[in-house]
>>> print(open('start-v8.cif').read())   # mmCIF, C-alpha atoms and all ligand atoms
data_data
loop_
_atom_site.label_atom_id
_atom_site.label_comp_id
_atom_site.auth_asym_id
_atom_site.auth_seq_id
_atom_site.Cartn_x
_atom_site.Cartn_y
_atom_site.Cartn_z
CA GLN L 340 -129.76 10.05 81.67
CA GLN L 341 -127.24 11.08 84.35
CA ASP L 342 -123.61 10.05 84.66
CA GLY L 343 -122.08 8.55 87.78
CA PRO L 344 -121.71 5.26 89.66
CA LEU L 345 -125.49 4.99 90.24
CA ALA L 346 -126.60 5.92 86.70
CA GLY L 347 -129.63 3.82 85.74
CA ILE L 348 -130.59 3.17 89.39
CA LYS L 349 -134.02 4.30 90.56
CA VAL L 350 -134.15 5.54 94.15
CA LEU L 351 -137.24 6.38 96.19
CA ILE L 352 -136.82 8.48 99.35
CA THR L 353 -139.38 9.59 101.94
CA ALA L 354 -138.57 12.65 104.05
CA GLY L 355 -140.04 15.13 106.49
CA PRO L 356 -142.93 14.86 108.92
CA THR L 357 -146.54 14.11 108.15
CA HIS L 358 -149.42 16.28 109.28
CA GLU L 359 -152.55 14.51 110.46
CA PRO L 360 -155.57 16.84 110.43
CA LEU L 361 -158.15 17.04 113.19
CA ASP L 362 -160.21 19.71 111.43
CA PRO L 363 -159.44 22.26 108.67
CA VAL L 364 -157.14 24.33 110.92
CA ARG L 365 -155.54 21.86 113.37
CA TYR L 366 -153.23 18.90 112.92
CA LEU L 367 -150.94 16.50 114.79
CA ALA L 368 -147.32 16.67 113.65
CA ASN L 369 -143.72 16.09 114.78
CA ARG L 370 -140.46 18.06 114.76
CA SER L 371 -138.85 16.46 111.70
CA SER L 372 -137.24 19.10 109.43
CA GLY L 373 -136.64 16.80 106.45
CA LYS L 374 -132.94 17.80 106.35
CA GLN L 375 -131.51 14.27 106.52
CA GLY L 376 -133.82 12.88 103.84
CA TYR L 377 -133.22 15.86 101.53
CA ALA L 378 -129.44 15.50 101.98
CA ILE L 379 -129.72 11.81 101.04
CA ALA L 380 -131.75 12.69 97.93
CA ASP L 381 -129.10 15.24 96.96
CA SER L 382 -126.25 12.73 97.39
CA PHE L 383 -128.01 10.06 95.35
CA ALA L 384 -128.62 12.57 92.55
CA ASP L 385 -124.91 13.54 92.66
CA MET L 386 -124.06 9.87 92.05
CA GLY L 387 -126.26 9.81 88.95
CA ALA L 388 -129.32 7.98 90.37
CA ALA L 389 -132.86 8.85 89.24
CA VAL L 390 -134.37 10.10 92.50
CA THR L 391 -138.01 10.50 93.54
CA LEU L 392 -138.36 12.30 96.87
CA VAL L 393 -141.77 11.90 98.53
CA SER L 394 -141.81 14.75 101.00
CA GLY L 395 -144.09 15.77 103.84
CA PRO L 396 -144.49 19.49 104.65
CA VAL L 397 -141.02 21.04 105.06
CA SER L 398 -139.46 24.41 104.31
CA LEU L 399 -136.53 23.18 102.22
CA PRO L 400 -135.74 23.84 98.55
CA ALA L 401 -136.04 20.88 96.15
CA PRO L 402 -132.59 19.33 95.60
CA ALA L 403 -131.28 19.81 92.05
CA GLY L 404 -132.12 17.00 89.64
CA VAL L 405 -134.60 15.32 92.02
CA THR L 406 -138.32 14.72 91.34
CA VAL L 407 -140.18 15.94 94.45
CA VAL L 408 -143.70 14.68 95.15
CA GLY L 409 -145.27 16.69 97.98
CA CYS L 410 -147.79 15.25 100.42
CA GLU L 411 -149.27 16.08 103.78
CA THR L 412 -150.64 13.00 105.53
CA ALA L 413 -149.25 9.49 106.03
CA GLN L 414 -152.00 8.09 103.81
CA GLN L 415 -151.01 10.49 101.01
CA MET L 416 -147.33 9.58 101.50
CA HIS L 417 -148.25 5.90 101.29
CA GLU L 418 -150.13 6.45 98.01
CA ALA L 419 -147.29 8.54 96.54
CA VAL L 420 -144.76 5.82 97.44
CA LEU L 421 -146.85 3.07 95.83
CA ALA L 422 -147.25 5.24 92.71
CA ALA L 423 -143.45 5.67 92.48
CA LEU L 424 -142.75 1.91 92.43
CA PRO L 425 -140.92 -0.03 91.13
CA CYS L 426 -137.54 1.21 92.32
CA ASP L 427 -134.14 -0.35 93.03
CA VAL L 428 -133.41 1.32 96.38
CA ALA L 429 -135.86 2.78 98.92
CA VAL L 430 -134.84 5.01 101.83
CA CYS L 431 -137.57 5.75 104.39
CA ALA L 432 -136.24 8.80 106.21
CA ALA L 433 -139.66 10.37 106.86
CA ALA L 434 -141.01 10.72 110.38
CA VAL L 435 -144.38 9.28 109.48
CA ALA L 436 -147.07 9.73 112.12
CA ASP L 437 -147.81 6.30 113.53
CA TRP L 438 -151.41 7.32 114.23
CA ARG L 439 -153.97 9.77 112.86
CA PRO L 440 -157.17 11.14 114.35
CA GLU L 441 -159.97 8.65 113.77
CA THR L 442 -162.21 11.32 112.28
CA GLN L 443 -161.39 14.52 110.46
CA VAL L 444 -164.28 16.95 110.65
CA THR L 445 -164.90 19.41 107.84
CA GLN L 446 -165.57 22.44 110.06
CA LYS L 447 -163.40 23.89 112.83
CA ILE L 448 -164.11 22.25 116.20
CA LYS L 449 -165.64 25.08 118.25
CA LYS L 450 -165.21 26.02 121.86
CA THR L 451 -168.49 27.57 122.88
CA GLY L 452 -167.91 28.38 126.56
CA PRO L 453 -165.45 28.14 129.46
CA ASN L 454 -167.11 24.99 130.79
CA ASP L 455 -166.91 22.99 127.54
CA SER L 456 -165.34 19.59 128.06
CA PRO L 457 -162.45 19.00 125.64
CA PRO L 458 -163.34 16.92 122.58
CA PRO L 459 -162.14 13.30 122.76
CA LEU L 460 -159.05 12.47 120.68
CA MET L 461 -159.31 8.98 119.23
CA LEU L 462 -156.40 7.75 117.11
CA VAL L 463 -156.15 4.97 114.52
CA PRO L 464 -152.96 3.47 113.03
CA ASN L 465 -151.46 4.73 109.77
CA PRO L 466 -150.06 2.40 107.10
CA ASP L 467 -146.45 1.43 107.86
CA ILE L 468 -144.75 2.34 104.59
CA LEU L 469 -141.33 0.90 105.48
CA ALA L 470 -142.76 -2.45 106.64
CA GLU L 471 -144.86 -2.68 103.49
CA LEU L 472 -141.91 -1.89 101.19
CA SER L 473 -139.80 -4.48 103.04
CA ALA L 474 -142.34 -7.29 102.69
CA PRO L 475 -141.31 -10.02 100.24
CA THR L 476 -143.44 -9.06 97.25
CA ALA L 477 -142.65 -8.85 93.54
CA LEU L 478 -142.29 -5.06 93.92
CA ARG L 479 -139.82 -5.17 96.83
CA PRO L 480 -136.84 -2.88 96.13
CA LYS L 481 -133.50 -4.74 96.14
CA LEU L 482 -132.29 -2.57 99.04
CA VAL L 483 -134.64 -1.09 101.65
CA ILE L 484 -133.17 1.33 104.19
CA GLY L 485 -135.14 2.48 107.24
CA PHE L 486 -134.52 5.06 109.93
CA ALA L 487 -135.16 4.83 113.66
CA ALA L 488 -135.43 8.03 115.66
CA GLU L 489 -135.30 7.14 119.34
CA THR L 490 -135.12 9.07 122.58
CA GLN L 491 -133.88 6.30 124.88
CA THR L 492 -131.95 2.99 124.70
CA VAL L 493 -131.37 3.77 121.03
CA LEU L 494 -129.66 0.54 120.01
CA THR L 495 -132.06 -1.78 121.82
CA HIS L 496 -135.06 -0.13 120.18
CA ALA L 497 -133.29 0.09 116.83
CA ARG L 498 -132.37 -3.63 116.79
CA ASP L 499 -135.95 -4.53 117.60
CA LYS L 500 -137.19 -2.21 114.82
CA PHE L 501 -134.66 -3.63 112.34
CA HIS L 502 -136.05 -7.14 112.81
CA ARG L 503 -139.69 -6.09 113.01
CA LYS L 504 -139.69 -3.96 109.86
CA GLY L 505 -137.79 -6.40 107.65
CA CYS L 506 -135.58 -3.76 106.01
CA ASP L 507 -131.99 -4.45 104.86
CA TRP L 508 -130.24 -1.56 106.63
CA LEU L 509 -131.43 0.68 109.44
CA VAL L 510 -129.97 4.05 110.36
CA ALA L 511 -130.60 4.73 114.05
CA ASN L 512 -130.22 8.07 115.75
CA ASP L 513 -130.84 9.64 119.14
CA VAL L 514 -133.32 12.49 118.84
CA SER L 515 -133.75 13.19 122.53
CA PRO L 516 -133.96 16.87 123.55
CA GLY L 517 -130.46 18.25 124.00
CA THR L 518 -128.93 16.30 121.10
CA GLY L 519 -130.13 18.98 118.65
CA VAL L 520 -130.59 16.30 115.98
CA MET L 521 -134.27 17.02 115.22
CA GLY L 522 -134.14 20.16 113.10
CA GLY L 523 -130.35 20.55 113.54
CA ALA L 524 -127.52 20.30 111.00
CA ASP L 525 -125.62 17.38 112.58
CA ASN L 526 -126.40 13.75 113.23
CA LYS L 527 -124.89 10.88 115.18
CA VAL L 528 -125.98 7.54 113.81
CA PHE L 529 -125.58 3.79 114.01
CA LEU L 530 -125.87 1.71 110.85
CA LEU L 531 -127.46 -1.69 111.43
CA SER L 532 -127.37 -4.46 108.87
CA ARG L 533 -127.35 -8.24 108.90
CA ASN L 534 -123.56 -7.99 109.33
CA GLY L 535 -123.81 -6.13 112.63
CA THR L 536 -123.82 -2.56 113.92
CA GLU L 537 -121.47 0.30 113.09
CA GLU L 538 -121.22 3.48 115.14
CA TRP L 539 -120.51 6.57 113.05
CA PRO L 540 -119.04 9.72 114.64
CA LEU L 541 -120.99 12.97 114.96
CA MET L 542 -121.01 14.66 111.54
CA GLY L 543 -123.13 16.93 109.37
CA LYS L 544 -126.30 15.47 107.90
CA ASP L 545 -124.74 16.09 104.46
CA GLU L 546 -121.80 13.90 105.42
CA VAL L 547 -124.08 11.15 106.83
CA ALA L 548 -125.89 11.26 103.47
CA ARG L 549 -122.65 11.05 101.45
CA ARG L 550 -121.37 8.09 103.48
CA LEU L 551 -124.68 6.25 103.27
CA VAL L 552 -124.86 6.73 99.50
CA GLN L 553 -121.23 5.60 99.16
CA ARG L 554 -122.29 2.43 100.99
CA VAL L 555 -124.97 1.90 98.39
CA VAL L 556 -122.38 2.38 95.63
CA ASP L 557 -120.17 -0.25 97.33
CA TRP L 558 -123.15 -2.59 97.81
CA ARG L 559 -123.99 -2.32 94.14
CA ALA L 560 -120.40 -3.06 93.18
CA GLY L 561 -120.68 -6.20 95.29
CA GLY L 562 -118.34 -5.02 98.03
CA VAL L 563 -120.95 -4.84 100.81
CA GLU L 564 -123.39 -7.55 101.82
CA GLU L 565 -126.98 -6.53 102.56
O1 LIG O 601 -142.20 5.33 113.52
P1 LIG O 601 -141.10 4.30 113.52
O2 LIG O 601 -140.11 4.51 114.60
O3 LIG O 601 -141.65 2.92 113.43
O4 LIG O 601 -140.29 4.60 112.16
C1 LIG O 601 -139.15 3.87 111.79
C2 LIG O 601 -139.03 3.78 110.30
O5 LIG O 601 -140.27 3.40 109.73
C3 LIG O 601 -138.63 5.04 109.55
O6 LIG O 601 -137.79 4.63 108.49
C4 LIG O 601 -139.93 5.60 109.03
O7 LIG O 601 -139.75 6.33 107.83
C5 LIG O 601 -140.71 4.32 108.76
N1 LIG O 601 -142.17 4.44 108.91
C6 LIG O 601 -142.98 4.35 107.79
N2 LIG O 601 -144.35 4.41 107.94
C7 LIG O 601 -144.90 4.56 109.16
C8 LIG O 601 -144.07 4.67 110.31
C9 LIG O 601 -142.71 4.63 110.14
O8 LIG O 601 -142.47 4.21 106.68
N3 LIG O 601 -146.21 4.62 109.28
#
>>> encode(input="start-v8.cif", output="structure tokens")
Amino acid sequence: QQDGPLAGIKVLITAGPTHEPLDPVRYLANRSSGKQGYAIADSFADMGAAVTLVSGPVSLPAPAGVTVVGCETAQQMHEAVLAALPCDVAVCAAAVADWRPETQVTQKIKKTGPNDSPPPLMLVPNPDILAELSAPTALRPKLVIGFAAETQTVLTHARDKFHRKGCDWLVANDVSPGTGVMGGADNKVFLLSRNGTEEWPLMGKDEVARRLVQRVVDWRAGGVEE
């Protein structure tokens, strides 16, 4: 049992990208580094919470005092999240692939000659972990926090996502090329809740994590509405 303002609170965090295999050697992926999600896990652990971090493939060390469950695909992440329930607070910081290849073949897809036509790439949707966690079921965490990584009209897309997903808070950031956010050390975010939208200044991902976790401490103390 840890000490701190969030002692006794169970937190579930998803982080990193997912890899969606086409064959044993190829996959579809995205540029998520996992840094923001790992920083959030670290900050929650510092506050005394019991943290389970469900992580896609990243090259980051496990934060101290955090239970890390590794996974590769969105379907595996979905299963690991369900296995970690119930929890009090869920933070979906992972960049989950929205789609996966319809079929995953067991042998490497071969190119046999220069005139081969490329194989077709058919995609099917992955489970939406955040939307599922946010649905009003008996297992719904008391506070569900989502992320929205956008490359254009960030707030418009983020507001739409906030309502569509059904989460309590949504952290929106601009990941367009040139911002350096994807893979970088800094982040510039908006925090959306039912009370409105806050714009936070550019700061390190560690600082975004600390402020977000402080918000959760305040929420728990009754000082912040969901
Ligand atoms: O991909 P999208 O922009 O919809 O992601 C927004 C939020 O939804 C993020 O918090 C992400 O972790 C979550 N998400 C998820 N499962 C998916 C897709 C996204 O949990 N399949």
>>> residues_near_ligand(input="start-v8.cif", ligand="ligand LIG 601 (chain O)", cutoff="10 Å", atoms="all atoms listed in the file", output="VMD selection string")
chain L and resid 352 to 357 376 413 to 414 416 to 417 420 429 to 439 464 to 473 483 to 489 496 to 497 500 to 501 503 to 504 506 508 to 511
>>> closest_residue(input="start-v8.cif", among="L:Thr492, L:Asp507, L:Ser456, L:Arg370", to="Val555 of chain L", atoms="all atoms listed in the file")
L:Asp507
>>> residues_around(input="start-v8.cif", residues="Gln553 of chain L", least_positions_apart="5", cutoff="12 Å", atoms="all atoms listed in the file", output="list in words")
Gly343, Pro344, Leu345, Ile379, Ser382, Phe383, Asp385, Met386, Glu546, Val547, Ala548, Trp558, Arg559, Ala560, Gly562 and Val563 of chain L
>>> closest_residue(input="start-v8.cif", among="L:Met521, L:Leu494, L:Ala384, L:Val390", to="Cys426 of chain L", atoms="all atoms listed in the file")
L:Val390
>>> residues_around(input="start-v8.cif", residues="Lys374 of chain L", least_positions_apart="3", cutoff="10 Å", atoms="all atoms listed in the file", output="JSON, numbers by chain")
{"L": [354, 355, 371, 377, 378, 379, 380, 397, 398, 399, 432, 521, 522, 523, 524, 525, 544, 545]}
>>> write_last_selection(input="start-v8.cif", atoms="C-alpha atoms", output="PDB file, in the coordinates of the input")
ATOM      1  CA  ALA L 354    -138.570  12.650 104.050  1.00  0.00           C
ATOM      2  CA  GLY L 355    -140.040  15.130 106.490  1.00  0.00           C
ATOM      3  CA  SER L 371    -138.850  16.460 111.700  1.00  0.00           C
ATOM      4  CA  TYR L 377    -133.220  15.860 101.530  1.00  0.00           C
ATOM      5  CA  ALA L 378    -129.440  15.500 101.980  1.00  0.00           C
ATOM      6  CA  ILE L 379    -129.720  11.810 101.040  1.00  0.00           C
ATOM      7  CA  ALA L 380    -131.750  12.690  97.930  1.00  0.00           C
ATOM      8  CA  VAL L 397    -141.020  21.040 105.060  1.00  0.00           C
ATOM      9  CA  SER L 398    -139.460  24.410 104.310  1.00  0.00           C
ATOM     10  CA  LEU L 399    -136.530  23.180 102.220  1.00  0.00           C
ATOM     11  CA  ALA L 432    -136.240   8.800 106.210  1.00  0.00           C
ATOM     12  CA  MET L 521    -134.270  17.020 115.220  1.00  0.00           C
ATOM     13  CA  GLY L 522    -134.140  20.160 113.100  1.00  0.00           C
ATOM     14  CA  GLY L 523    -130.350  20.550 113.540  1.00  0.00           C
ATOM     15  CA  ALA L 524    -127.520  20.300 111.000  1.00  0.00           C
ATOM     16  CA  ASP L 525    -125.620  17.380 112.580  1.00  0.00           C
ATOM     17  CA  LYS L 544    -126.300  15.470 107.900  1.00  0.00           C
ATOM     18  CA  ASP L 545    -124.740  16.090 104.460  1.00  0.00           C
TER      19      ASP L 545
END
>>> residues_around(input="start-v8.cif", residues="segment 363-366 of chain L", least_positions_apart="2", cutoff="8 Å", atoms="only C-alpha atoms", output="list in words")
His358, Glu359, Pro360, Leu361, Ala368, Val444, Thr445, Gln446 and Lys447 of chain L
>>> closest_residue(input="start-v8.cif", among="L:Arg498, L:Gly395, L:Glu418, L:Arg550", to="Thr536 of chain L", atoms="all atoms listed in the file")
L:Arg498
>>> atom_distance(input="start-v8.cif", atom1="atom CA of Asn369 of chain L", atom2="atom CA of Ala401 of chain L")
20.7 Å
>>> atom_distance(input="start-v8.cif", atom1="atom CA of Gly387 of chain L", atom2="atom CA of Cys410 of chain L")
25.0 Å
>>> atom_distance(input="start-v8.cif", atom1="atom CA of Val407 of chain L", atom2="atom CA of Leu392 of chain L")
4.7 Å
>>> closest_residue(input="start-v8.cif", among="L:Thr518, L:Asn512, L:Thr442, L:Thr451", to="Leu530 of chain L", atoms="only C-alpha atoms")
L:Asn512
>>> closest_residue(input="start-v8.cif", among="L:Leu462, L:Val514, L:Leu541, L:Ala477", to="Leu367 of chain L", atoms="all atoms listed in the file")
L:Leu462
>>> axis_aligned_box(input="start-v8.cif", around="segment 400-410 of chain L", padding_each_side="4 Å", output="lines of an AutoDock Vina configuration file")
center_x = -139.5
center_y = 19.3
center_z = 95.0
size_x = 24.5
size_y = 17.2
size_z = 18.8
>>> closest_residue(input="start-v8.cif", among="L:Leu482, L:Gly543, L:Ser372, L:Asn454", to="Lys349 of chain L", atoms="only C-alpha atoms")
L:Leu482
